[in-house]
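Undergrad: This is my_file-v3.pdb (PDB, C-alpha atoms).
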```
ATOM      1  CA  MET S  19       0.000   0.000   0.000
ATOM      2  CA  GLN S  20       2.749   2.346   0.946
ATOM      3  CA  ARG S  21       4.630   1.381  -2.160
ATOM      4  CA  ARG S  22       1.565   2.131  -4.253
ATOM      5  CA  THR S  23       1.249   5.579  -2.730
ATOM      6  CA  PHE S  24       4.912   6.188  -3.313
ATOM      7  CA  LEU S  25       4.650   5.205  -6.961
ATOM      8  CA  LYS S  26       1.687   7.439  -7.494
ATOM      9  CA  GLY S  27       3.469  10.297  -5.826
ATOM     10  CA  SER S  28       6.612   9.963  -7.868
ATOM     11  CA  LEU S  29       4.624   9.619 -11.071
ATOM     12  CA  ALA S  30       2.810  12.870 -10.386
ATOM     13  CA  GLY S  31       6.139  14.459  -9.540
ATOM     14  CA  SER S  32       7.739  13.408 -12.785
ATOM     15  CA  THR S  33       4.816  14.733 -14.798
ATOM     16  CA  VAL S  34       5.412  18.142 -13.298
ATOM     17  CA  ALA S  35       9.131  17.846 -14.003
ATOM     18  CA  VAL S  36       8.406  17.005 -17.641
ATOM     19  CA  ALA S  37       6.106  20.010 -17.885
ATOM     20  CA  VAL S  38       8.824  22.227 -16.456
ATOM     21  CA  GLY S  39      11.372  20.742 -18.839
ATOM     22  CA  ALA S  40       9.135  21.380 -21.793
ATOM     23  CA  GLY S  41       8.763  24.980 -20.763
ATOM     24  CA  LEU S  42       5.038  24.556 -20.276
ATOM     25  CA  LEU S  43       5.166  25.322 -16.621
ATOM     26  CA  THR S  44       8.080  27.542 -15.750
ATOM     27  CA  PRO S  45       8.426  28.721 -12.190
ATOM     28  CA  GLY S  46       8.382  32.199 -13.700
ATOM     29  CA  ALA S  47       4.797  31.673 -14.791
ATOM     30  CA  VAL S  48       3.628  33.170 -11.522
ATOM     31  CA  MET S  49       5.236  36.409 -12.599
ATOM     32  CA  ALA S  50       3.258  37.093 -15.712
ATOM     33  CA  ALA S  51       4.703  40.586 -15.865
ATOM     34  CA  TRP S  52       8.265  39.459 -16.514
ATOM     35  CA  PRO S  53       8.765  39.991 -20.260
ATOM     36  CA  LYS S  54      10.047  36.521 -21.052
ATOM     37  CA  ARG S  55      10.187  36.866 -24.820
ATOM     38  CA  ALA S  56      12.009  40.202 -24.689
ATOM     39  CA  PHE S  57      14.726  38.650 -22.560
ATOM     40  CA  GLU S  58      15.022  35.462 -24.587
ATOM     41  CA  THR S  59      15.009  36.876 -28.092
ATOM     42  CA  GLU S  60      18.246  37.168 -30.046
ATOM     43  CA  ASP S  61      16.856  40.126 -31.925
ATOM     44  CA  MET S  62      17.148  43.565 -30.402
ATOM     45  CA  GLN S  63      14.205  44.931 -32.411
ATOM     46  CA  THR S  64      11.910  42.219 -31.071
ATOM     47  CA  ALA S  65      13.043  42.914 -27.527
ATOM     48  CA  MET S  66      12.325  46.626 -27.875
ATOM     49  CA  ASN S  67       9.007  45.972 -29.559
ATOM     50  CA  ASP S  68       7.939  43.702 -26.728
ATOM     51  CA  LEU S  69       9.066  46.107 -24.051
ATOM     52  CA  PHE S  70       8.116  49.465 -25.461
ATOM     53  CA  GLY S  71       5.672  48.659 -28.242
ATOM     54  CA  THR S  72       8.086  50.142 -30.762
ATOM     55  CA  ALA S  73      11.558  49.492 -32.093
ATOM     56  CA  GLN S  74      11.888  53.100 -33.203
ATOM     57  CA  THR S  75      13.994  55.133 -30.833
ATOM     58  CA  GLU S  76      14.999  58.756 -31.030
ATOM     59  CA  PRO S  77      18.689  59.350 -30.362
ATOM     60  CA  THR S  78      19.222  61.962 -27.673
ATOM     61  CA  ASP S  79      22.044  63.653 -25.787
ATOM     62  CA  ASP S  80      19.928  63.638 -22.664
ATOM     63  CA  ILE S  81      20.845  60.081 -21.729
ATOM     64  CA  SER S  82      24.312  59.499 -20.413
ATOM     65  CA  ILE S  83      25.813  56.055 -20.178
ATOM     66  CA  LYS S  84      28.622  55.598 -17.733
ATOM     67  CA  ALA S  85      30.543  52.448 -18.592
ATOM     68  CA  PRO S  86      34.223  51.664 -19.046
ATOM     69  CA  ASP S  87      35.797  52.226 -22.499
ATOM     70  CA  ILE S  88      37.606  48.938 -22.070
ATOM     71  CA  ALA S  89      36.279  46.146 -19.869
ATOM     72  CA  GLU S  90      38.952  43.589 -19.100
ATOM     73  CA  ASN S  91      36.416  41.214 -17.650
ATOM     74  CA  GLY S  92      33.182  40.927 -19.622
ATOM     75  CA  ALA S  93      31.515  39.167 -16.707
ATOM     76  CA  VAL S  94      31.341  42.365 -14.711
ATOM     77  CA  VAL S  95      30.796  45.572 -16.661
ATOM     78  CA  PRO S  96      29.506  48.437 -14.505
ATOM     79  CA  VAL S  97      26.837  50.444 -16.311
ATOM     80  CA  SER S  98      25.089  53.557 -15.030
ATOM     81  CA  ILE S  99      22.374  55.345 -16.940
ATOM     82  CA  THR S 100      21.415  58.924 -16.122
ATOM     83  CA  SER S 101      18.769  60.918 -17.945
ATOM     84  CA  GLY S 102      17.078  64.226 -17.361
ATOM     85  CA  ILE S 103      14.126  63.483 -19.649
ATOM     86  CA  ALA S 104      10.855  64.352 -17.915
ATOM     87  CA  GLY S 105       8.382  61.623 -16.976
ATOM     88  CA  ILE S 106      10.604  58.582 -17.423
ATOM     89  CA  GLU S 107       8.650  55.355 -17.208
ATOM     90  CA  GLU S 108      11.274  52.771 -18.102
ATOM     91  CA  ILE S 109      14.987  52.421 -18.679
ATOM     92  CA  ALA S 110      16.365  49.400 -20.524
ATOM     93  CA  ILE S 111      19.989  48.326 -20.819
ATOM     94  CA  ILE S 112      20.918  46.424 -23.960
ATOM     95  CA  ALA S 113      24.265  44.832 -24.856
ATOM     96  CA  GLU S 114      24.037  44.847 -28.640
ATOM     97  CA  LYS S 115      26.097  41.747 -29.426
ATOM     98  CA  ASN S 116      25.090  39.495 -26.554
ATOM     99  CA  GLY S 117      23.305  36.285 -27.553
ATOM    100  CA  THR S 118      20.226  37.728 -25.909
ATOM    101  CA  PRO S 119      20.781  41.492 -26.093
ATOM    102  CA  LEU S 120      18.350  42.712 -23.429
ATOM    103  CA  ALA S 121      20.177  42.701 -20.099
ATOM    104  CA  ALA S 122      17.862  44.608 -17.792
ATOM    105  CA  ASN S 123      14.790  46.796 -17.725
ATOM    106  CA  PHE S 124      13.770  49.142 -14.933
ATOM    107  CA  LYS S 125      10.266  50.455 -14.412
ATOM    108  CA  LEU S 126      10.351  53.729 -12.550
ATOM    109  CA  ALA S 127       7.621  55.340 -10.446
ATOM    110  CA  ASP S 128       6.958  59.101 -10.668
ATOM    111  CA  ASN S 129       9.237  59.913  -7.755
ATOM    112  CA  ALA S 130      12.149  57.827  -9.027
ATOM    113  CA  LYS S 131      14.930  59.840 -10.607
ATOM    114  CA  GLY S 132      16.257  59.094 -14.073
ATOM    115  CA  PHE S 133      19.127  57.057 -12.766
ATOM    116  CA  VAL S 134      19.928  53.366 -12.489
ATOM    117  CA  SER S 135      23.220  51.632 -11.964
ATOM    118  CA  THR S 136      24.066  47.946 -12.171
ATOM    119  CA  ARG S 137      26.640  45.530 -13.558
ATOM    120  CA  ILE S 138      26.131  43.402 -16.645
ATOM    121  CA  LYS S 139      27.820  40.588 -18.550
ATOM    122  CA  MET S 140      29.053  41.219 -22.094
ATOM    123  CA  ALA S 141      30.016  38.457 -24.489
ATOM    124  CA  LYS S 142      32.188  40.647 -26.702
ATOM    125  CA  THR S 143      33.015  44.199 -27.699
ATOM    126  CA  SER S 144      29.824  46.002 -28.613
ATOM    127  CA  ASN S 145      27.612  48.973 -27.982
ATOM    128  CA  VAL S 146      25.776  49.307 -24.720
ATOM    129  CA  ILE S 147      22.443  50.862 -25.605
ATOM    130  CA  ALA S 148      20.232  52.643 -23.124
ATOM    131  CA  VAL S 149      16.606  53.013 -24.077
ATOM    132  CA  VAL S 150      14.454  55.389 -22.087
ATOM    133  CA  LYS S 151      10.689  55.390 -22.388
ATOM    134  CA  ALA S 152       9.008  58.652 -21.477
ATOM    135  CA  GLY S 153       5.671  60.099 -22.484
ATOM    136  CA  GLY S 154       4.943  57.233 -24.857
ATOM    137  CA  LYS S 155       8.167  57.753 -26.805
ATOM    138  CA  ALA S 156      11.417  55.821 -26.748
ATOM    139  CA  TYR S 157      14.765  57.580 -26.661
ATOM    140  CA  SER S 158      18.169  55.976 -26.932
ATOM    141  CA  ALA S 159      21.876  56.523 -26.501
ATOM    142  CA  ARG S 160      24.817  54.214 -27.042
ATOM    143  CA  LYS S 161      28.379  53.760 -25.928
ATOM    144  CA  GLU S 162      30.925  51.269 -27.150
ATOM    145  CA  VAL S 163      32.606  49.035 -24.590
ATOM    146  CA  LYS S 164      35.639  47.011 -25.663
ATOM    147  CA  VAL S 165      35.641  43.626 -24.002
ATOM    148  CA  THR S 166      38.900  41.728 -23.566
ATOM    149  CA  ILE S 167      37.506  38.526 -22.078
ATOM    150  CA  GLY S 168      33.864  37.660 -22.757
ATOM    151  CA  GLY S 169      31.642  37.025 -19.796
ATOM    152  CA  CYS S 170      28.792  34.805 -20.859
ATOM    153  CA  GLY S 171      30.435  31.379 -20.697
ATOM    154  CA  GLY S 172      29.689  28.685 -23.220
TER     155      GLY S 172
ATOM    156  CA  MET U  10      18.152  33.141   2.867
ATOM    157  CA  ALA U  11      17.578  36.299   4.723
ATOM    158  CA  LYS U  12      21.130  37.429   4.282
ATOM    159  CA  SER U  13      21.402  37.571   0.502
ATOM    160  CA  ILE U  14      20.826  41.326   0.372
ATOM    161  CA  ARG U  15      22.887  44.207   1.641
ATOM    162  CA  ALA U  16      21.497  47.696   1.175
ATOM    163  CA  ARG U  17      22.008  51.262   2.250
ATOM    164  CA  ALA U  18      19.716  54.235   1.727
ATOM    165  CA  THR U  19      21.091  57.714   2.290
ATOM    166  CA  LEU U  20      19.322  61.056   2.137
ATOM    167  CA  LYS U  21      21.137  64.045   0.655
ATOM    168  CA  GLY U  22      19.149  67.186  -0.048
ATOM    169  CA  ASP U  23      15.808  65.912  -1.351
ATOM    170  CA  THR U  24      17.228  62.779  -2.958
ATOM    171  CA  VAL U  25      17.452  59.334  -1.446
ATOM    172  CA  THR U  26      20.182  57.159  -2.952
ATOM    173  CA  VAL U  27      19.800  53.427  -2.520
ATOM    174  CA  LYS U  28      22.724  51.114  -3.133
ATOM    175  CA  SER U  29      22.320  47.386  -2.832
ATOM    176  CA  LEU U  30      24.208  44.170  -3.369
ATOM    177  CA  ILE U  31      22.550  40.795  -3.732
ATOM    178  CA  THR U  32      24.371  37.497  -3.380
ATOM    179  CA  HIS U  33      23.212  35.305  -6.253
ATOM    180  CA  VAL U  34      24.902  32.987  -8.800
ATOM    181  CA  MET U  35      23.123  34.562 -11.812
ATOM    182  CA  GLU U  36      23.811  31.448 -13.862
ATOM    183  CA  THR U  37      23.113  32.019 -17.572
ATOM    184  CA  GLY U  38      22.378  28.433 -18.560
ATOM    185  CA  LEU U  39      25.118  28.619 -21.201
ATOM    186  CA  ARG U  40      28.079  27.556 -19.103
ATOM    187  CA  LYS U  41      29.229  23.977 -18.936
ATOM    188  CA  ASP U  42      30.484  22.044 -15.969
ATOM    189  CA  GLU U  43      34.219  21.645 -16.584
ATOM    190  CA  LYS U  44      34.311  18.060 -15.314
ATOM    191  CA  THR U  45      31.163  16.537 -16.735
ATOM    192  CA  GLY U  46      30.571  18.774 -19.744
ATOM    193  CA  ASP U  47      26.935  19.099 -18.757
ATOM    194  CA  LYS U  48      25.269  22.449 -19.087
ATOM    195  CA  ILE U  49      24.701  24.232 -15.809
ATOM    196  CA  PRO U  50      20.998  25.120 -15.664
ATOM    197  CA  ALA U  51      20.018  28.766 -15.763
ATOM    198  CA  HIS U  52      19.424  30.291 -12.351
ATOM    199  CA  TYR U  53      19.025  34.037 -12.214
ATOM    200  CA  ILE U  54      17.019  36.793 -10.582
ATOM    201  CA  GLN U  55      14.125  37.952 -12.740
ATOM    202  CA  GLU U  56      12.558  40.691 -10.690
ATOM    203  CA  VAL U  57      13.694  43.046  -7.983
ATOM    204  CA  THR U  58      11.028  45.197  -6.364
ATOM    205  CA  CYS U  59      12.198  48.326  -4.608
ATOM    206  CA  GLU U  60       9.737  50.062  -2.303
ATOM    207  CA  HIS U  61       9.623  53.182  -0.186
ATOM    208  CA  ASN U  62       7.201  52.938   2.761
ATOM    209  CA  GLY U  63       5.410  50.106   0.971
ATOM    210  CA  LYS U  64       5.022  51.975  -2.334
ATOM    211  CA  GLU U  65       6.854  50.692  -5.394
ATOM    212  CA  VAL U  66       9.590  53.020  -6.663
ATOM    213  CA  VAL U  67      11.595  50.819  -9.008
ATOM    214  CA  LEU U  68      10.767  47.450 -10.503
ATOM    215  CA  ALA U  69      13.868  45.893 -12.021
ATOM    216  CA  GLN U  70      13.349  43.147 -14.574
ATOM    217  CA  TRP U  71      16.511  41.192 -15.190
ATOM    218  CA  GLY U  72      17.764  38.609 -17.620
ATOM    219  CA  PRO U  73      20.744  36.300 -17.137
ATOM    220  CA  ALA U  74      23.087  38.999 -18.495
ATOM    221  CA  VAL U  75      23.114  40.792 -15.151
ATOM    222  CA  SER U  76      26.393  39.987 -13.413
ATOM    223  CA  LYS U  77      26.863  37.486 -10.633
ATOM    224  CA  ASN U  78      26.186  38.973  -7.192
ATOM    225  CA  PRO U  79      24.222  41.845  -8.725
ATOM    226  CA  TYR U  80      24.668  45.472  -7.810
ATOM    227  CA  LEU U  81      21.713  47.826  -8.053
ATOM    228  CA  SER U  82      21.559  51.506  -7.334
ATOM    229  CA  TYR U  83      18.746  53.999  -7.861
ATOM    230  CA  GLU U  84      17.546  57.366  -6.610
ATOM    231  CA  PHE U  85      14.200  58.805  -5.636
ATOM    232  CA  THR U  86      12.688  61.890  -4.065
ATOM    233  CA  GLY U  87      10.086  62.263  -1.318
ATOM    234  CA  GLY U  88      11.844  60.161   1.293
ATOM    235  CA  LYS U  89      12.886  61.292   4.734
ATOM    236  CA  SER U  90      15.215  60.011   7.388
ATOM    237  CA  GLY U  91      13.898  56.897   9.126
ATOM    238  CA  ASP U  92      11.551  55.854   6.287
ATOM    239  CA  ASP U  93      11.505  52.227   5.228
ATOM    240  CA  VAL U  94      13.192  51.174   2.005
ATOM    241  CA  SER U  95      12.668  47.572   1.064
ATOM    242  CA  ILE U  96      14.193  45.446  -1.640
ATOM    243  CA  SER U  97      12.892  42.033  -2.609
ATOM    244  CA  TRP U  98      13.949  39.681  -5.378
ATOM    245  CA  VAL U  99      12.582  36.537  -6.964
ATOM    246  CA  ASP U 100      14.486  34.270  -9.352
ATOM    247  CA  ASN U 101      13.544  31.878 -12.151
ATOM    248  CA  LYS U 102      13.347  28.974  -9.703
ATOM    249  CA  GLY U 103      10.895  30.828  -7.480
ATOM    250  CA  GLU U 104      13.433  31.457  -4.735
ATOM    251  CA  LYS U 105      13.129  34.845  -3.088
ATOM    252  CA  ASP U 106      14.413  37.122  -0.390
ATOM    253  CA  SER U 107      13.757  40.604   0.916
ATOM    254  CA  LEU U 108      15.312  43.197   3.162
ATOM    255  CA  THR U 109      14.064  46.427   4.703
ATOM    256  CA  VAL U 110      16.410  49.187   5.807
ATOM    257  CA  GLN U 111      15.819  52.700   7.121
ATOM    258  CA  ILE U 112      16.892  55.834   5.312
ATOM    259  CA  LYS U 113      19.862  57.499   6.997
TER     260      LYS U 113
END
```
Would you mind writing the structure in this file as structure tokens?
TA:
Amino acid sequence: MQRRTFLKGSLAGSTVAVAVGAGLLTPGAVMAAWPKRAFETEDMQTAMNDLFGTAQTEPTDDISIKAPDIAENGAVVPVSITSGIAGIEEIAIIAEKNGTPLAANFKLADNAKGFVSTRIKMAKTSNVIAVVKAGGKAYSARKEVKVTIGGCGG
Amino acid sequence: MAKSIRARATLKGDTVTVKSLITHVMETGLRKDEKTGDKIPAHYIQEVTCEHNGKEVVLAQWGPAVSKNPYLSYEFTGGKSGDDVSISWVDNKGEKDSLTVQIK
């Protein structure tokens, strides 16, 4: 009897595991808001479309990207984005030549300032692109970072 | 898990600056185990919610390209000394942690 229960239990367990493996039931499913496709796509345009509803960005001088000119270690590239654009809703950080270019997106409340700072991994030398969404429009700026040793493994 | 986050919130003028460090592997899913050659499964933080007195200020959505042991800094206005600033994260395996500190 106990064995029977055990078998049933493990069978149910493996079904769930298969579902997880097949991507049908990811633990992230509880967070419907996390833009899965934008983070998993290899295409920057798709990522921006998913995030901002447009891949068209307006280049601006009012976004400054602070990142090293040369990053010796691509696994840890400090990136700070500062922007004085009014009414910023979101700031995205994109590493143009990463396998999946979108690194991070920040949704900002009204009282948050146009500033975020974090550290990202870069596979190789490429532009770091900051996209700022404000007032229904998307603005962008870019800065090239030379990477000596890539930081995405594989 | 309550010790995965370190954070500090400081008030200067009308701006509160929050700096935080989270201990997390941020595994991309692309790396291979050197001994077995098996791929190491992805394990990374997907969302970090930053609140001031219970109200959301910044919601960070992350992919695996955020570095190991992530650093996050942001700024906001309207905070005063002694207010609560809380940071909570959840990763792709459903693990989570949170920390509340007071503005200095």
Undergrad: Suppose a student applies the ChimeraX specification (/S :<8) & /U to this structure; what residues should they get, written as a PyMOL selection string?
TA: chain U and resi 37+39-41+55-56+65-77+79-87+100-103
Undergrad: Just give me the gap between CA of Ser82 in chain S and CA of Glu114 in chain S in Å, one decimal is fine.
TA: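 That distance, rounded to one decimal, is 16.8 Å.
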Undergrad: Take every atom of range 88-104 of chain U listed in the file, pad by 8 Å on each side, and give me the axis-aligned box centre and edge lengths in Å, one decimal, as lines of an AutoDock Vina configuration file.
TA:
```
center_x = 13.1
center_y = 45.1
center_z = -1.5
size_x = 20.3
size_y = 48.3
size_z = 37.3
```
Undergrad: I need the residue set behind the PyMOL selection byres ((chain S and resi 70) around 9) for this file; please write it as a PyMOL selection string.
TA: chain S and resi 65-69+71-73+108+151+154-156
Undergrad: Kindly give the distance, in Å, that separates CA of Thr64 in chain S and CA of Glu36 in chain U, rounded to a single decimal.
TA: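 These two atoms are separated by 23.5 Å.
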Undergrad: Mind giving me the straight-line distance from CA of Val97 in chain S to CA of Ile54 in chain U in Å, one decimal?
TA: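 These two atoms are separated by 17.8 Å.
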Undergrad: Fewer than 2 positions away in the same chain doesn't count, so skip those; otherwise give me all residues within 12 Å of Gly88 in chain U, counting all atoms listed in the file, as a list in words.
TA: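 Those residues are Asn129 and Ala130 of chain S; Ala18, Thr19, Leu20, Lys21, Gly22, Asp23, Thr24, Val25, Thr26, Val27, Glu60, His61, Asn62, Gly63, Lys64, Val66, Glu84, Phe85, Thr86, Ser90, Gly91, Asp92, Asp93, Val94, Gln111, Ile112 and Lys113 of chain U.
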Undergrad: Name the residues that the PyMOL selection byres ((chain U and resi 52) around 6) pulls out of this structure, and write them as a VMD selection string.
TA: chain U and resid 35 to 36 51 53
Undergrad: For each of S:Ala104, S:Ile88, S:Met62, S:Ile81, take the minimum atom-to-atom distance to Gly153 in chain S, counting only C-alpha atoms, then give the residue where this is smallest.
TA: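 For Gly153 in chain S, the nearest of the given residues is S:Ala104.
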Undergrad: With all atoms listed in the file as the basis for distance, which of S:Gly105, S:Asp87, S:Val149, S:Thr59 is at the shortest distance from Lys164 in chain S?
TA: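 Ranked by minimum distance to Lys164 in chain S, first place goes to S:Asp87.
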